[in-house]
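Peer 1: Dropping a structure here in structure tokens format, bear with me for questions.
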Amino acid sequence: MADPRFYCSEPVFAGQEILLPEPLAHHIRVRRLVAGDSVVLFDGRGGEIAGTLSFEGKKTLVLLGQHSPREAELGGEITLIQALPSGDKMDWIIEKAVELGVHRVIPVAAQRSVLKLSGARLDKRLEHWHGVIASASEQCGRNRLMHLSTPQTLEQAINATLPVHRLLCDPEAGETLAEYVATRHHEQIKIEAVSLLIGPEGGWSPEETAAASRQGVTNIKFGLRVLRTETAPLAALAALQVMCV
């Protein structure tokens with residue numbers, strides 16, 4: 001069985017014994033790990049370091065070994081522009097985006113988004129989402145944390161991405177994702193050039209799709225069925241990795 005992996009919010013360096021931050025120390029105690037157990041720490045800057053646990057009173061320490069440059073990133077970068085969905089669906093989307101190798105998620109406060117965030121409520125939700133990213137990274141083996149932007153308008157989100165292959169999922173689009181890739185094979189489409197735009201429940205408004213089109217975004221559909229806002233990004237991301245790597 002592989003050694004348990006943990007994200008450490010403090011920088012970790014090979015060959016040092018470090019005192020773990022209390023939230024991580026608490027997590028390790030909950031896992032009922034004992035002195036002498038092996039763990040793997042990563043701080044999100046790349047690579048990981050295996051170490052050995054020890055305890056001194058209420059202190060939890062790790063004696064770190066050599067740095068391993070192991071990475072589990074894609075060859076390029078995918079940006080997911082996701083309209084804010086209702087309830088806790090964004091938790092699921094962010095978790096799966098991490099697992100599927102997404103480089104950055106940009107939440108969008110779309111016209112039809114039910115979830116509205118601002119002030120302290122927004123800060124609390126962002127903190128929670130960062131925790132989801134860390135936990136998902138521990139589980140899936142990524143040593144670099146996925147970037148998460150603060151919620152933006154659709155126009156701001158589009159402007160923050162590379163102006164190459166920007167794809168807006170629209171069930172009524174005339175072109176499928178597979179057709180889009182097939183007709184542009186001579187452009188050598190790569191994952192780092194792709195930004196994927198997913199609407200909320202009810203889809204993007206006509207004003208939003210028109211504005212996106214003016215900014216060079218291409219509308220594509222994904223198969224014959226209308227997918228839920230939490231299903232569409234996972235299906236499209238998986239397909240992109242197969243077709244564009």
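Every chain in the structure tokens has a letter given in the order shown (A, B, ...), and although residue numbers restart at 1 in each chain, ligands are simply numbered from 1 in the order shown.
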Got a sec: who's within 9 Å of Pro233 of chain A, counting only C-alpha atoms, leaving out chain neighbours fewer than 2 positions off, as an MDAnalysis selection string?

Peer 2: chainID A and resid 80 82 93 97 169 196:198 229:231 235:238

Peer 1: For each of A:Trp92, A:Phe42, A:Trp129, A:Phe13, take the minimum atom-to-atom distance to Gly65 of chain A, counting only C-alpha atoms, then give the residue where this is smallest.

Peer 2: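 Smallest separation from Gly65 of chain A among the options: A:Phe13.
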
Peer 1: Determine the nearest neighbour of Ser213 of chain A from the options A:Ala173, A:Ala50, A:Leu61, A:Ile133, counting only C-alpha atoms.

Peer 2: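 Nearest to Ser213 of chain A: A:Ala173.
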
Peer 1: Counting only C-alpha atoms, which residue out of A:Val30, A:Leu240, A:Val62, A:Ile81 sits closest to Arg104 of chain A?

Peer 2: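 That would be A:Ile81, the residue with the smallest distance to Arg104 of chain A.
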
Peer 1: What residues in segment 2-58 of chain A get the DSSP label strand (DSSP E or B)? Please answer as number ranges by chain.

Peer 2: A: 5-7, 17-19, 38-42, 45, 48-56

Peer 1: Could the residues in this selection be written to a file with N, CA and C atoms, as a CSV table (one decimal), in the first residue's frame?

Peer 2:
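Written file, result_2.csv:
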```csv
chain,number,residue,atom,x,y,z
A,5,ARG,N,-0.5,10.4,1.6
A,5,ARG,CA,0.0,11.7,1.1
A,5,ARG,C,-0.7,12.9,1.8
A,6,PHE,N,0.0,13.9,2.1
A,6,PHE,CA,-0.6,15.1,2.7
A,6,PHE,C,-0.1,16.4,2.1
A,7,TYR,N,-1.0,17.3,1.9
A,7,TYR,CA,-0.5,18.7,1.5
A,7,TYR,C,-0.2,19.5,2.7
A,17,GLU,N,13.8,18.2,9.6
A,17,GLU,CA,12.7,17.8,10.5
A,17,GLU,C,11.8,19.0,10.7
A,18,ILE,N,10.5,18.8,10.4
A,18,ILE,CA,9.6,20.0,10.4
A,18,ILE,C,8.5,19.7,11.4
A,19,LEU,N,8.0,20.8,12.0
A,19,LEU,CA,6.8,20.8,12.9
A,19,LEU,C,5.6,21.0,12.0
A,38,SER,N,5.5,6.0,7.8
A,38,SER,CA,6.0,6.8,6.6
A,38,SER,C,4.8,7.6,6.0
A,39,VAL,N,5.1,8.8,5.7
A,39,VAL,CA,4.2,9.7,5.0
A,39,VAL,C,4.9,10.4,3.8
A,40,VAL,N,4.1,11.0,3.0
A,40,VAL,CA,4.6,11.8,1.8
A,40,VAL,C,4.0,13.2,1.9
A,41,LEU,N,4.8,14.2,1.9
A,41,LEU,CA,4.4,15.6,2.0
A,41,LEU,C,4.7,16.3,0.7
A,42,PHE,N,3.8,17.2,0.3
A,42,PHE,CA,4.0,18.1,-0.8
A,42,PHE,C,3.4,19.5,-0.5
A,45,ARG,N,4.4,23.3,-4.7
A,45,ARG,CA,5.4,23.9,-5.6
A,45,ARG,C,6.0,22.9,-6.5
A,48,GLU,N,7.6,16.0,-4.3
A,48,GLU,CA,7.2,15.5,-3.0
A,48,GLU,C,8.3,14.9,-2.2
A,49,ILE,N,8.1,14.8,-0.9
A,49,ILE,CA,9.2,14.3,0.0
A,49,ILE,C,8.6,13.3,0.9
A,50,ALA,N,9.2,12.1,1.0
A,50,ALA,CA,8.8,11.1,1.9
A,50,ALA,C,9.5,11.4,3.3
A,51,GLY,N,8.8,11.0,4.3
A,51,GLY,CA,9.4,11.3,5.7
A,51,GLY,C,8.8,10.3,6.7
A,52,THR,N,9.3,10.4,7.9
A,52,THR,CA,8.9,9.6,9.0
A,52,THR,C,8.3,10.4,10.1
A,53,LEU,N,7.1,9.9,10.6
A,53,LEU,CA,6.4,10.6,11.7
A,53,LEU,C,7.1,10.4,13.1
A,54,SER,N,7.0,11.5,13.9
A,54,SER,CA,7.3,11.4,15.3
A,54,SER,C,6.4,12.3,16.1
A,55,PHE,N,6.3,12.1,17.4
A,55,PHE,CA,5.5,13.0,18.2
A,55,PHE,C,6.2,13.4,19.5
A,56,GLU,N,6.1,14.6,19.9
A,56,GLU,CA,6.6,15.1,21.1
A,56,GLU,C,5.5,15.9,21.8
```

Peer 1: If you run DSSP over the backbone, which residues in segment 13-175 of chain A end up alpha helix (DSSP H)? Put them as a ChimeraX atom specification.

Peer 2: /A:22-30,89-99,119-140,154-159

Peer 1: With N, CA and C atoms kept, could you save the residues just selected as a compact mmCIF listing (two decimals), in the first residue's frame?

Peer 2:
```txt
# COMPACT_ATOMS: atom_id res chain seq x y z
N GLU A 22 -0.89 22.89 12.68
CA GLU A 22 -1.90 22.21 13.50
C GLU A 22 -3.01 21.55 12.67
N PRO A 23 -3.56 22.21 11.63
CA PRO A 23 -4.61 21.53 10.86
C PRO A 23 -4.15 20.20 10.27
N LEU A 24 -2.91 20.17 9.76
CA LEU A 24 -2.38 18.92 9.20
C LEU A 24 -2.08 17.92 10.31
N ALA A 25 -1.54 18.41 11.43
CA ALA A 25 -1.27 17.52 12.56
C ALA A 25 -2.56 16.86 13.05
N HIS A 26 -3.63 17.65 13.12
CA HIS A 26 -4.93 17.11 13.54
C HIS A 26 -5.42 16.04 12.56
N HIS A 27 -5.25 16.31 11.28
CA HIS A 27 -5.66 15.36 10.25
C HIS A 27 -4.91 14.03 10.42
N ILE A 28 -3.62 14.12 10.72
CA ILE A 28 -2.81 12.91 10.91
C ILE A 28 -3.26 12.16 12.16
N ARG A 29 -3.59 12.89 13.21
CA ARG A 29 -4.07 12.22 14.43
C ARG A 29 -5.41 11.52 14.17
N VAL A 30 -6.26 12.17 13.39
CA VAL A 30 -7.55 11.56 13.06
C VAL A 30 -7.34 10.27 12.26
N LYS A 89 -22.72 21.74 -5.83
CA LYS A 89 -22.23 21.10 -7.06
C LYS A 89 -20.82 21.55 -7.43
N MET A 90 -20.48 22.79 -7.06
CA MET A 90 -19.15 23.29 -7.39
C MET A 90 -18.07 22.48 -6.67
N ASP A 91 -18.38 21.97 -5.49
CA ASP A 91 -17.42 21.11 -4.78
C ASP A 91 -17.06 19.91 -5.65
N TRP A 92 -18.08 19.27 -6.18
CA TRP A 92 -17.89 18.09 -7.03
C TRP A 92 -17.09 18.45 -8.28
N ILE A 93 -17.45 19.56 -8.92
CA ILE A 93 -16.79 19.97 -10.15
C ILE A 93 -15.31 20.25 -9.90
N ILE A 94 -15.01 20.98 -8.81
CA ILE A 94 -13.63 21.31 -8.49
C ILE A 94 -12.83 20.04 -8.18
N GLU A 95 -13.41 19.16 -7.39
CA GLU A 95 -12.72 17.91 -7.04
C GLU A 95 -12.36 17.12 -8.29
N LYS A 96 -13.33 16.97 -9.20
CA LYS A 96 -13.08 16.17 -10.41
C LYS A 96 -12.17 16.90 -11.39
N ALA A 97 -12.21 18.22 -11.40
CA ALA A 97 -11.30 18.98 -12.24
C ALA A 97 -9.85 18.73 -11.81
N VAL A 98 -9.62 18.67 -10.50
CA VAL A 98 -8.29 18.34 -10.00
C VAL A 98 -7.88 16.96 -10.48
N GLU A 99 -8.76 15.99 -10.32
CA GLU A 99 -8.45 14.62 -10.71
C GLU A 99 -8.16 14.51 -12.21
N GLY A 119 -18.73 39.12 -0.31
CA GLY A 119 -18.33 39.40 1.06
C GLY A 119 -17.81 38.19 1.81
N ALA A 120 -18.22 38.07 3.08
CA ALA A 120 -17.74 37.00 3.94
C ALA A 120 -18.16 35.63 3.43
N ARG A 121 -19.34 35.58 2.82
CA ARG A 121 -19.82 34.29 2.28
C ARG A 121 -18.91 33.81 1.16
N LEU A 122 -18.46 34.74 0.31
CA LEU A 122 -17.55 34.38 -0.77
C LEU A 122 -16.22 33.92 -0.21
N ASP A 123 -15.69 34.65 0.77
CA ASP A 123 -14.40 34.28 1.36
C ASP A 123 -14.46 32.88 1.96
N LYS A 124 -15.55 32.59 2.65
CA LYS A 124 -15.70 31.27 3.27
C LYS A 124 -15.78 30.17 2.22
N ARG A 125 -16.51 30.44 1.14
CA ARG A 125 -16.64 29.42 0.09
C ARG A 125 -15.30 29.20 -0.62
N LEU A 126 -14.55 30.26 -0.88
CA LEU A 126 -13.24 30.12 -1.52
C LEU A 126 -12.29 29.31 -0.65
N GLU A 127 -12.31 29.59 0.65
CA GLU A 127 -11.47 28.82 1.58
C GLU A 127 -11.86 27.34 1.54
N HIS A 128 -13.15 27.07 1.51
CA HIS A 128 -13.62 25.69 1.42
C HIS A 128 -13.16 25.03 0.14
N TRP A 129 -13.27 25.73 -0.98
CA TRP A 129 -12.86 25.17 -2.27
C TRP A 129 -11.36 24.89 -2.31
N HIS A 130 -10.56 25.76 -1.69
CA HIS A 130 -9.13 25.49 -1.63
C HIS A 130 -8.85 24.21 -0.85
N GLY A 131 -9.66 23.97 0.18
CA GLY A 131 -9.53 22.72 0.91
C GLY A 131 -9.89 21.51 0.06
N VAL A 132 -10.91 21.66 -0.78
CA VAL A 132 -11.28 20.59 -1.70
C VAL A 132 -10.14 20.29 -2.66
N ILE A 133 -9.49 21.35 -3.16
CA ILE A 133 -8.36 21.18 -4.09
C ILE A 133 -7.23 20.42 -3.41
N ALA A 134 -6.89 20.80 -2.18
CA ALA A 134 -5.81 20.13 -1.47
C ALA A 134 -6.13 18.65 -1.24
N SER A 135 -7.34 18.37 -0.79
CA SER A 135 -7.73 16.98 -0.52
C SER A 135 -7.72 16.14 -1.79
N ALA A 136 -8.23 16.71 -2.88
CA ALA A 136 -8.25 15.97 -4.14
C ALA A 136 -6.85 15.74 -4.66
N SER A 137 -5.95 16.69 -4.45
CA SER A 137 -4.56 16.53 -4.87
C SER A 137 -3.88 15.42 -4.08
N GLU A 138 -4.16 15.36 -2.78
CA GLU A 138 -3.62 14.28 -1.96
C GLU A 138 -4.05 12.93 -2.50
N GLN A 139 -5.32 12.83 -2.86
CA GLN A 139 -5.87 11.55 -3.30
C GLN A 139 -5.37 11.12 -4.67
N CYS A 140 -5.29 12.07 -5.60
CA CYS A 140 -5.02 11.68 -7.00
C CYS A 140 -3.54 11.70 -7.36
N LEU A 154 -18.34 36.68 -17.21
CA LEU A 154 -17.94 35.85 -18.33
C LEU A 154 -16.90 36.57 -19.19
N GLU A 155 -17.10 37.85 -19.42
CA GLU A 155 -16.15 38.61 -20.23
C GLU A 155 -14.77 38.64 -19.59
N GLN A 156 -14.71 38.85 -18.28
CA GLN A 156 -13.43 38.86 -17.59
C GLN A 156 -12.74 37.50 -17.69
N ALA A 157 -13.52 36.44 -17.53
CA ALA A 157 -12.95 35.09 -17.58
C ALA A 157 -12.38 34.78 -18.96
N ILE A 158 -13.10 35.15 -20.00
CA ILE A 158 -12.61 34.91 -21.36
C ILE A 158 -11.33 35.69 -21.61
N ASN A 159 -11.30 36.93 -21.17
CA ASN A 159 -10.11 37.77 -21.37
C ASN A 159 -8.90 37.25 -20.62
```

Peer 1: Would you please work out which residue, of A:Val194, A:Ala35, A:Val105, A:Cys8, is nearest to Val181 of chain A when using only C-alpha atoms?

Peer 2: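 The shortest atom-to-atom distance to Val181 of chain A comes from A:Val194.
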
Peer 1: Which of these, A:Val34, A:Met146, A:Leu20, A:Val242, has the shortest distance to Thr60 of chain A once you count only C-alpha atoms?

Peer 2: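 Among the listed residues, A:Leu20 lies closest to Thr60 of chain A.
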
Peer 1: Figure out the distance between atom CA of Arg214 of chain A and atom CA of Arg166 of chain A, please, to one decimal in Å.

Peer 2: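 Interatomic distance, atom CA of Arg166 of chain A to atom CA of Arg214 of chain A: 12.0 Å.
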